[in-house]
Amino acid sequence: LKAVILIGGPQKGTRFRPLSFEVPKPLFPVAGVPMVQHHIEACAKVPGMKEILLMGFYQPHEALSRFLVSAQQEFKIPIRYLQEYAALGTGGGIYHFRDQILSGGAEAFFVLNADVCSEFPLQEMLEFWQQHGDMQSFVILGTTANRTQALNYGCIVANADTQEVQHYVEKPSTFVSEIINCGIYLFTPAIFQHIGEVFQRNQQELALEESSNGWQRAEVIRLEQDVFTALAGSGKLYVYKTDGFWSQIKSAGSAIYASRLYLNQYSKSHPERLAQNKLGGPVIRGNVYIHPTASIDSTAVLGPNVSIGEGVTVGAGVRVRESIVLHGASLHDHTCVLNTIVGWDSTIGRWARVEGTPSDPNPNDPYAKIDSETLFRDGRLTPSITILGCSVTIPAEVVILNSIVLPHKELSRSYKNQIIL
């Protein structure tokens with residue numbers, strides 16, 4: 001068994017700015033550890049997992065290399081990064097590196113998108129495939145969404161008895177099905193034949209067009225639109241439905257929501273990562289992650305859903321909830337931080353209040369997913385979580401509401417509903 005994690009590249013992640021300026025989006029900390037580490041952890045737990053490949057078109061820079069080295073040591077499994085020469089789409093990348101994926105005689109391999117957060121029921125998908133499938137068949141992880149939100153995802157129509165996928169539509173314009181694609185797949189080497197057919201077809205079409213920039217476009221293959229749509233109804237594609245948590249992490253607001261889902265899971269999977277109320281320590285409400293190097297005043301109140309990074313300083317009487325505070329930030333006495341991501345090495349002055357508007361799914365609908373909000377609606381900034389880029393300084397006694405502050409800013413007054421460039 002192998003696993004491939006698709007981490008994309010720098011020109012994407014625009015909705016994740018200004019946070020993706022400092023660190024590649026897959027390394028952004030969610031619930032205290034880099035986003036993609038949750039994927040690696042889940043893959044490493046599957047018995048028989050021989051290698052994990054990260055695939056994307058980030059230049060191999062220091063942060064990524066350091067992360068891979070430490071992850072290899074921690075999970076005792078070979079982890080490599082394969083760099084695409086251009087954005088090849090979800091299918092083009094794995095087709096380009098098919099020899100690497102199949103080397104060592106891989107019988108099956110998982111493909112996971114890095115920008116989803118999930119319980120990752122990989123073992124269950126494997127068992128489901130062993131019961132239903134053969135070497136020619138593949139499994140998609142699916143989950144239930146509500147009728148209106150399903151239109152934003154790939155929709156799957158499956159046979160209720162066999163779970164065989166009969167019809168697949170990516171982001172349909174009208175309602176097709178409540179079962180949506182989670183971006184987590186189990187493939188066998190046979191998938192490359194299907195991707196190869198798409199590649200050949202693309203090349204033929206390009207030869208007819210004789211377009212000047214043809215070489216690049218034949219390689220761009222999208223698993224969802226190009227491969228799954230054709231495979232549906234052929235008896236080779238199955239869906240494994242999960243009731244576990246699942247969400248996309250497209251925007252910074254969804255990172256706080258994903259952090260909540262992972263922190264909830266920690267009570268079962270990593271209780272050691274959750275902070276406890278101790279004598280002489282801060283007041284902890286709900287699930288809170290605190291990095292061991294953070295220094296927190298005993299009169300501070302943290303939680304629920306708070307993640308405090310490395311070397312963070314939290315002063316007396318500080319209140320933090322539903323927020324991510326990144327490494328090196330300092331919150332001076334009596335600040336209040338709600339629904340906010342505080343960037344690396346940022347400083348919030350005394351008695352300041354930094355607050356955002358959560359973009360959570362409807363709590364009364366068990367199948368609601370988080371909406372990918374647009375930044376602007378009707379020419380106005382949509383109220384969303386507040387984001388402070390790295391090294392932002394906020395003076396004492398000001399209020400920052402629903403705003404995005406780009407890196408290296410020193411603010412002098414209060415702001416509301418603004419992007420501060």
# chains A, B, ... in the order shown; residues from 1 in each chain; ligands from 1
$ residues_around --residues "range 238-243 of chain A" --least-positions-apart "3" --cutoff "6 Å" --atoms "only C-alpha atoms" --output "PyMOL selection string"
chain A and resi 139-143+163-165
$ residues_around --residues "Gly349 in chain A" --least-positions-apart "3" --cutoff "6 Å" --atoms "only C-alpha atoms" --output "list in words"
His332, Ala352, Ile394, Pro395 and Ala396 of chain A
$ atom_distance --atom1 "CA of Asp297 in chain A" --atom2 "CA of Leu331 in chain A"
10.5 Å
$ select_by_dssp --residues "range 172-407 of chain A" --states "strand (DSSP E)" --output "JSON list (two decimals) with N, CA and C atoms, in the first residue's frame"
[["chain", "number", "residue", "atom", "x", "y", "z"],
["A", 179, "ILE", "N", -25.14, 12.85, -1.89],
["A", 179, "ILE", "CA", -23.84, 12.23, -1.57],
["A", 179, "ILE", "C", -22.75, 12.99, -2.34],
["A", 180, "ILE", "N", -21.78, 13.52, -1.60],
["A", 180, "ILE", "CA", -20.74, 14.32, -2.26],
["A", 180, "ILE", "C", -19.37, 13.66, -2.12],
["A", 181, "ASN", "N", -18.48, 14.02, -3.04],
["A", 181, "ASN", "CA", -17.13, 13.47, -3.08],
["A", 181, "ASN", "C", -16.27, 14.16, -2.02],
["A", 182, "CYS", "N", -15.60, 13.37, -1.18],
["A", 182, "CYS", "CA", -14.77, 13.92, -0.09],
["A", 182, "CYS", "C", -13.33, 14.21, -0.51],
["A", 183, "GLY", "N", -12.96, 13.89, -1.74],
["A", 183, "GLY", "CA", -11.58, 14.15, -2.15],
["A", 183, "GLY", "C", -10.58, 13.15, -1.58],
["A", 184, "ILE", "N", -11.07, 11.94, -1.24],
["A", 184, "ILE", "CA", -10.20, 10.87, -0.72],
["A", 184, "ILE", "C", -10.55, 9.59, -1.49],
["A", 185, "TYR", "N", -9.54, 8.98, -2.12],
["A", 185, "TYR", "CA", -9.82, 7.86, -3.02],
["A", 185, "TYR", "C", -8.91, 6.68, -2.73],
["A", 186, "LEU", "N", -9.37, 5.50, -3.12],
["A", 186, "LEU", "CA", -8.52, 4.30, -3.08],
["A", 186, "LEU", "C", -8.47, 3.75, -4.51],
["A", 187, "PHE", "N", -7.27, 3.72, -5.07],
["A", 187, "PHE", "CA", -7.09, 3.28, -6.47],
["A", 187, "PHE", "C", -6.21, 2.04, -6.52],
["A", 237, "LEU", "N", -16.50, 1.70, -10.23],
["A", 237, "LEU", "CA", -16.32, 2.77, -9.25],
["A", 237, "LEU", "C", -17.34, 2.59, -8.14],
["A", 238, "TYR", "N", -16.86, 2.61, -6.89],
["A", 238, "TYR", "CA", -17.76, 2.44, -5.75],
["A", 238, "TYR", "C", -17.63, 3.64, -4.83],
["A", 239, "VAL", "N", -18.65, 3.85, -3.99],
["A", 239, "VAL", "CA", -18.55, 4.93, -3.01],
["A", 239, "VAL", "C", -18.66, 4.32, -1.62],
["A", 240, "TYR", "N", -17.74, 4.73, -0.73],
["A", 240, "TYR", "CA", -17.85, 4.32, 0.68],
["A", 240, "TYR", "C", -18.33, 5.53, 1.45],
["A", 241, "LYS", "N", -19.52, 5.42, 2.06],
["A", 241, "LYS", "CA", -20.09, 6.59, 2.75],
["A", 241, "LYS", "C", -19.63, 6.63, 4.19],
["A", 246, "TRP", "N", -16.21, 15.74, 8.29],
["A", 246, "TRP", "CA", -15.48, 16.06, 7.07],
["A", 246, "TRP", "C", -15.73, 17.52, 6.73],
["A", 247, "SER", "N", -14.69, 18.22, 6.30],
["A", 247, "SER", "CA", -14.88, 19.60, 5.86],
["A", 247, "SER", "C", -13.75, 19.97, 4.92],
["A", 248, "GLN", "N", -14.02, 20.94, 4.04],
["A", 248, "GLN", "CA", -12.94, 21.47, 3.21],
["A", 248, "GLN", "C", -12.23, 22.58, 3.98],
["A", 283, "VAL", "N", -7.61, 29.18, 33.03],
["A", 283, "VAL", "CA", -8.91, 28.50, 32.99],
["A", 283, "VAL", "C", -9.12, 27.97, 31.57],
["A", 284, "ILE", "N", -9.36, 26.65, 31.47],
["A", 284, "ILE", "CA", -9.56, 26.02, 30.17],
["A", 284, "ILE", "C", -11.03, 25.66, 30.03],
["A", 288, "VAL", "N", -8.84, 22.76, 24.09],
["A", 288, "VAL", "CA", -7.82, 23.77, 23.85],
["A", 288, "VAL", "C", -6.48, 23.07, 23.65],
["A", 289, "TYR", "N", -5.72, 23.50, 22.62],
["A", 289, "TYR", "CA", -4.36, 22.99, 22.43],
["A", 289, "TYR", "C", -3.39, 24.11, 22.79],
["A", 290, "ILE", "N", -2.42, 23.79, 23.66],
["A", 290, "ILE", "CA", -1.40, 24.80, 24.01],
["A", 290, "ILE", "C", -0.02, 24.18, 23.77],
["A", 295, "SER", "N", 3.75, 30.69, 27.05],
["A", 295, "SER", "CA", 3.67, 31.11, 28.45],
["A", 295, "SER", "C", 2.35, 31.83, 28.67],
["A", 296, "ILE", "N", 1.54, 31.30, 29.60],
["A", 296, "ILE", "CA", 0.16, 31.78, 29.74],
["A", 296, "ILE", "C", -0.11, 32.14, 31.19],
["A", 301, "VAL", "N", -8.38, 33.16, 30.39],
["A", 301, "VAL", "CA", -9.44, 32.17, 30.15],
["A", 301, "VAL", "C", -9.41, 31.79, 28.67],
["A", 302, "LEU", "N", -9.20, 30.50, 28.38],
["A", 302, "LEU", "CA", -9.05, 30.05, 27.00],
["A", 302, "LEU", "C", -10.11, 29.01, 26.65],
["A", 306, "VAL", "N", -9.58, 26.60, 20.93],
["A", 306, "VAL", "CA", -8.46, 27.53, 20.83],
["A", 306, "VAL", "C", -7.19, 26.72, 20.62],
["A", 307, "SER", "N", -6.32, 27.22, 19.75],
["A", 307, "SER", "CA", -5.05, 26.56, 19.52],
["A", 307, "SER", "C", -3.95, 27.61, 19.67],
["A", 308, "ILE", "N", -3.04, 27.37, 20.61],
["A", 308, "ILE", "CA", -1.99, 28.35, 20.95],
["A", 308, "ILE", "C", -0.65, 27.78, 20.49],
["A", 313, "THR", "N", 2.92, 34.36, 24.06],
["A", 313, "THR", "CA", 2.79, 34.91, 25.41],
["A", 313, "THR", "C", 1.37, 35.43, 25.59],
["A", 314, "VAL", "N", 0.71, 34.98, 26.65],
["A", 314, "VAL", "CA", -0.66, 35.43, 26.94],
["A", 314, "VAL", "C", -0.66, 36.07, 28.31],
["A", 319, "ARG", "N", -8.87, 36.92, 27.35],
["A", 319, "ARG", "CA", -9.93, 35.97, 26.99],
["A", 319, "ARG", "C", -9.77, 35.60, 25.51],
["A", 320, "VAL", "N", -9.62, 34.30, 25.24],
["A", 320, "VAL", "CA", -9.49, 33.84, 23.85],
["A", 320, "VAL", "C", -10.50, 32.73, 23.62],
["A", 321, "ARG", "N", -11.29, 32.84, 22.54],
["A", 321, "ARG", "CA", -12.14, 31.70, 22.18],
["A", 321, "ARG", "C", -12.28, 31.60, 20.67],
["A", 323, "SER", "N", -10.32, 30.56, 18.30],
["A", 323, "SER", "CA", -9.24, 31.28, 17.60],
["A", 323, "SER", "C", -8.00, 30.41, 17.48],
["A", 324, "ILE", "N", -7.14, 30.81, 16.54],
["A", 324, "ILE", "CA", -5.83, 30.18, 16.38],
["A", 324, "ILE", "C", -4.79, 31.27, 16.59],
["A", 325, "VAL", "N", -3.89, 31.06, 17.54],
["A", 325, "VAL", "CA", -2.84, 32.06, 17.81],
["A", 325, "VAL", "C", -1.52, 31.42, 17.37],
["A", 330, "SER", "N", 2.07, 37.77, 20.79],
["A", 330, "SER", "CA", 1.90, 38.08, 22.21],
["A", 330, "SER", "C", 0.63, 38.89, 22.43],
["A", 331, "LEU", "N", -0.19, 38.41, 23.38],
["A", 331, "LEU", "CA", -1.45, 39.04, 23.72],
["A", 331, "LEU", "C", -1.26, 39.71, 25.08],
["A", 336, "CYS", "N", -9.02, 40.76, 24.39],
["A", 336, "CYS", "CA", -10.10, 39.81, 24.12],
["A", 336, "CYS", "C", -9.99, 39.41, 22.64],
["A", 337, "VAL", "N", -9.84, 38.12, 22.37],
["A", 337, "VAL", "CA", -9.64, 37.65, 21.00],
["A", 337, "VAL", "C", -10.71, 36.60, 20.69],
["A", 338, "LEU", "N", -11.61, 36.90, 19.75],
["A", 338, "LEU", "CA", -12.72, 35.99, 19.42],
["A", 338, "LEU", "C", -12.78, 35.76, 17.92],
["A", 340, "THR", "N", -10.76, 34.63, 15.61],
["A", 340, "THR", "CA", -9.65, 35.34, 14.96],
["A", 340, "THR", "C", -8.47, 34.40, 14.75],
["A", 341, "ILE", "N", -7.73, 34.64, 13.67],
["A", 341, "ILE", "CA", -6.41, 34.00, 13.54],
["A", 341, "ILE", "C", -5.37, 35.10, 13.75],
["A", 342, "VAL", "N", -4.55, 34.93, 14.78],
["A", 342, "VAL", "CA", -3.51, 35.92, 15.10],
["A", 342, "VAL", "C", -2.21, 35.43, 14.47],
["A", 347, "THR", "N", 1.44, 41.34, 17.76],
["A", 347, "THR", "CA", 1.29, 41.83, 19.13],
["A", 347, "THR", "C", -0.06, 42.53, 19.26],
["A", 348, "ILE", "N", -0.80, 42.19, 20.29],
["A", 348, "ILE", "CA", -2.08, 42.87, 20.55],
["A", 348, "ILE", "C", -1.95, 43.60, 21.89],
["A", 353, "ARG", "N", -9.55, 44.71, 21.68],
["A", 353, "ARG", "CA", -10.51, 43.64, 21.37],
["A", 353, "ARG", "C", -10.41, 43.34, 19.88],
["A", 354, "VAL", "N", -10.13, 42.08, 19.56],
["A", 354, "VAL", "CA", -10.02, 41.67, 18.15],
["A", 354, "VAL", "C", -11.06, 40.59, 17.93],
["A", 355, "GLU", "N", -12.00, 40.87, 17.04],
["A", 355, "GLU", "CA", -13.13, 39.94, 16.93],
["A", 355, "GLU", "C", -13.55, 39.76, 15.48],
["A", 376, "PHE", "N", -16.24, 39.44, -0.98],
["A", 376, "PHE", "CA", -17.14, 40.60, -1.08],
["A", 376, "PHE", "C", -18.53, 40.15, -1.50],
["A", 377, "ARG", "N", -19.53, 40.83, -0.98],
["A", 377, "ARG", "CA", -20.88, 40.61, -1.45],
["A", 377, "ARG", "C", -21.55, 41.98, -1.60],
["A", 380, "ARG", "N", -19.50, 44.95, -0.72],
["A", 380, "ARG", "CA", -19.05, 45.12, 0.66],
["A", 380, "ARG", "C", -18.28, 43.89, 1.12],
["A", 381, "LEU", "N", -17.37, 44.09, 2.05],
["A", 381, "LEU", "CA", -16.63, 42.96, 2.61],
["A", 381, "LEU", "C", -17.61, 42.10, 3.42],
["A", 386, "THR", "N", -11.64, 37.51, 11.73],
["A", 386, "THR", "CA", -10.58, 38.51, 11.59],
["A", 386, "THR", "C", -9.25, 37.79, 11.44],
["A", 387, "ILE", "N", -8.43, 38.27, 10.51],
["A", 387, "ILE", "CA", -7.12, 37.66, 10.30],
["A", 387, "ILE", "C", -6.04, 38.73, 10.45],
["A", 388, "LEU", "N", -5.06, 38.46, 11.31],
["A", 388, "LEU", "CA", -3.90, 39.34, 11.39],
["A", 388, "LEU", "C", -2.76, 38.61, 10.71],
["A", 393, "THR", "N", 1.06, 44.83, 14.54],
["A", 393, "THR", "CA", 1.01, 45.40, 15.89],
["A", 393, "THR", "C", -0.29, 46.16, 16.06],
["A", 394, "ILE", "N", -1.03, 45.79, 17.10],
["A", 394, "ILE", "CA", -2.30, 46.46, 17.38],
["A", 394, "ILE", "C", -2.13, 47.22, 18.69],
["A", 399, "VAL", "N", -10.38, 48.51, 18.92],
["A", 399, "VAL", "CA", -11.25, 47.40, 18.55],
["A", 399, "VAL", "C", -11.06, 47.12, 17.05],
["A", 400, "ILE", "N", -10.77, 45.87, 16.71],
["A", 400, "ILE", "CA", -10.65, 45.47, 15.30],
["A", 400, "ILE", "C", -11.76, 44.45, 15.05],
["A", 401, "LEU", "N", -12.67, 44.76, 14.13],
["A", 401, "LEU", "CA", -13.82, 43.88, 13.88],
["A", 401, "LEU", "C", -13.84, 43.40, 12.43],
["A", 404, "ILE", "N", -9.28, 42.09, 7.79],
["A", 404, "ILE", "CA", -8.10, 41.32, 7.39],
["A", 404, "ILE", "C", -6.94, 42.30, 7.35],
["A", 405, "VAL", "N", -5.89, 42.02, 8.13],
["A", 405, "VAL", "CA", -4.75, 42.94, 8.20],
["A", 405, "VAL", "C", -3.56, 42.25, 7.56]]
$ atom_distance --atom1 "CA of Tyr415 in chain A" --atom2 "CA of Gly356 in chain A"
11.7 Å
$ decode --residues "range 89-129 of chain A" --atoms "C-alpha atoms" --output "CSV table (one decimal), in the first residue's frame"
chain,number,residue,atom,x,y,z
A,89,GLY,CA,-4.6,18.9,-12.2
A,90,THR,CA,-5.6,16.2,-9.7
A,91,GLY,CA,-5.2,13.3,-12.3
A,92,GLY,CA,-2.2,14.7,-14.3
A,93,GLY,CA,0.1,14.7,-11.3
A,94,ILE,CA,-0.4,11.1,-10.4
A,95,TYR,CA,-0.2,10.1,-14.1
A,96,HIS,CA,3.0,11.9,-14.5
A,97,PHE,CA,4.6,10.2,-11.5
A,98,ARG,CA,2.9,6.8,-12.1
A,99,ASP,CA,6.3,4.9,-12.1
A,100,GLN,CA,7.2,6.4,-8.7
A,101,ILE,CA,3.8,5.4,-7.3
A,102,LEU,CA,3.9,1.8,-8.6
A,103,SER,CA,7.6,1.2,-7.8
A,104,GLY,CA,8.0,-1.6,-5.3
A,105,GLY,CA,4.9,-3.3,-6.7
A,106,ALA,CA,2.1,-1.2,-5.0
A,107,GLU,CA,-1.1,-3.2,-5.1
A,108,ALA,CA,-3.3,-0.2,-4.2
A,109,PHE,CA,-2.8,3.4,-3.2
A,110,PHE,CA,-4.8,6.1,-1.5
A,111,VAL,CA,-5.0,9.6,-3.0
A,112,LEU,CA,-5.9,12.4,-0.5
A,113,ASN,CA,-6.4,16.1,-1.2
A,114,ALA,CA,-4.5,18.2,1.4
A,115,ASP,CA,-7.2,20.8,1.8
A,116,VAL,CA,-9.8,18.5,3.5
A,117,CYS,CA,-10.1,17.7,7.1
A,118,SER,CA,-11.6,14.4,8.0
A,119,GLU,CA,-11.6,11.4,10.3
A,120,PHE,CA,-9.9,9.6,7.3
A,121,PRO,CA,-11.6,6.2,7.5
A,122,LEU,CA,-8.8,4.7,5.3
A,123,GLN,CA,-8.9,1.3,7.0
A,124,GLU,CA,-12.7,1.1,6.5
A,125,MET,CA,-12.3,2.0,2.8
A,126,LEU,CA,-9.7,-0.7,2.4
A,127,GLU,CA,-12.0,-3.3,3.9
A,128,PHE,CA,-15.0,-2.1,1.9
A,129,TRP,CA,-12.9,-2.4,-1.3
